[in-house]
Amino acid sequence: MRLDTARTLDDGLTERRFTLDVDGATVPGILWTPAGASESAPAPLILLGHPGGLDAMSPRLAGRARRSARDGFATAALELPGSGERARLEEVDAARADLRAALAAGEPVPDDVVDRLVLPLVDRSVPEHRGALDALGALPEVGGPAGYSGGIVAIGVRLALVEPRIAALGLFAGSFLPGTTVDEARRLTVPVHVLLQWDDEGNDRQASLDLFDAIGSPEKTLQANLGGHRGVPAFAGEDAARFFARHLGGRPG
């Protein structure tokens, strides 16, 4: 891992860009660590999921990082395969075009289009997130169990299924779901917190409810709120913070 020079933000949060080499791919990322994190007091790590385009998403991700830092967590985000300055994935771009065509025509999105859109991202991104856990976990200021929050649901489900260091999973319902993701959700055992915006115009509400029903974890919580995709109430963030603090050992701020 190559770490850029750290910069301290006005609230004491430290931000560092980094680059990982995983299976021949160069993966950009950003790490945020709270003030006071050190070798003697390492901060648990939450991997922040997002839909791709790390530079464009960085202001929103930094806001999530600030909230997590108040709870004692370090956070990190990786650029998704095929996004930002990374090499395009032709099969994913073709599937995205088919998806937009179906939506524009008011037609259901075929299952094969969802599979071609999402599964290549899962297959590439999950090993990269595991590589990030290896590299970031070796830093003296980062330590303890890890969590995954938000982003593409299928990535979070697969990562929590195959990576024993993920001790808690937070999902933002609304991603397109391959059938294999629902099957994998049945095998989850880690605690899961699902946030569902009931009026999300881009969300198949029933598919999200079906996913929650399928999750096999003995501890799972569904928080459903009125409002669209960007209408998440402030208290939903507080509830998610308490969820991660309970399972990763943070300190809710």
# chains A, B, ... in the order shown; residues from 1 in each chain; ligands from 1
$ residues_around --residues "stretch 84-98 of chain A" --least-positions-apart "3" --cutoff "12 Å" --atoms "only C-alpha atoms" --output "count of residues only"
41
$ select_by_dssp --residues "stretch 3-179 of chain A" --states "alpha helix (DSSP H)" --output "MDAnalysis selection string"
chainID A and resid 54:70 90:104 111:137 153:162 179
$ select_by_dssp --residues "stretch 48-102 of chain A" --states "strand (DSSP E or B)" --output "list in words"
Leu48, Gly49, Ala74, Thr75, Ala76, Ala77 and Leu78 of chain A
$ write_last_selection --atoms "N, CA and C atoms" --output "CSV table (one decimal), in the first residue's frame"
chain,number,residue,atom,x,y,z
A,48,LEU,N,-16.5,2.1,4.1
A,48,LEU,CA,-17.7,2.9,3.6
A,48,LEU,C,-18.0,2.5,2.1
A,49,GLY,N,-19.1,1.9,1.9
A,49,GLY,CA,-19.5,1.6,0.5
A,49,GLY,C,-20.1,2.8,-0.2
A,74,ALA,N,-12.2,4.6,12.7
A,74,ALA,CA,-11.6,5.0,11.4
A,74,ALA,C,-12.5,4.5,10.3
A,75,THR,N,-12.4,5.1,9.1
A,75,THR,CA,-13.2,4.7,8.0
A,75,THR,C,-12.3,4.8,6.7
A,76,ALA,N,-12.7,4.0,5.8
A,76,ALA,CA,-12.0,4.0,4.5
A,76,ALA,C,-13.0,3.7,3.4
A,77,ALA,N,-12.7,4.2,2.2
A,77,ALA,CA,-13.5,3.9,1.0
A,77,ALA,C,-12.6,3.6,-0.2
A,78,LEU,N,-12.9,2.7,-1.0
A,78,LEU,CA,-12.2,2.3,-2.2
A,78,LEU,C,-13.0,2.7,-3.4
$ residues_around --residues "stretch 219-225 of chain A" --least-positions-apart "6" --cutoff "12 Å" --atoms "only C-alpha atoms" --output "PyMOL selection string"
chain A and resi 167-174+185-186+188-200+205+208-213+231-240+243+247
$ closest_residue --among "A:Arg230, A:Val142, A:Ala241, A:Leu159" --to "A:Arg60" --atoms "only C-alpha atoms"
A:Arg230
$ residues_around --residues "A:Ala35" --least-positions-apart "4" --cutoff "10 Å" --atoms "only C-alpha atoms" --output "ChimeraX atom specification"
/A:8,11-14,43,69-70,72-74
$ closest_residue --among "A:Ala207, A:Leu61, A:Val126, A:Leu226" --to "A:Val162" --atoms "only C-alpha atoms"
A:Val126
$ closest_residue --among "A:Ala154, A:Met1, A:Ala160, A:Ala135" --to "A:Asp21" --atoms "only C-alpha atoms"
A:Met1
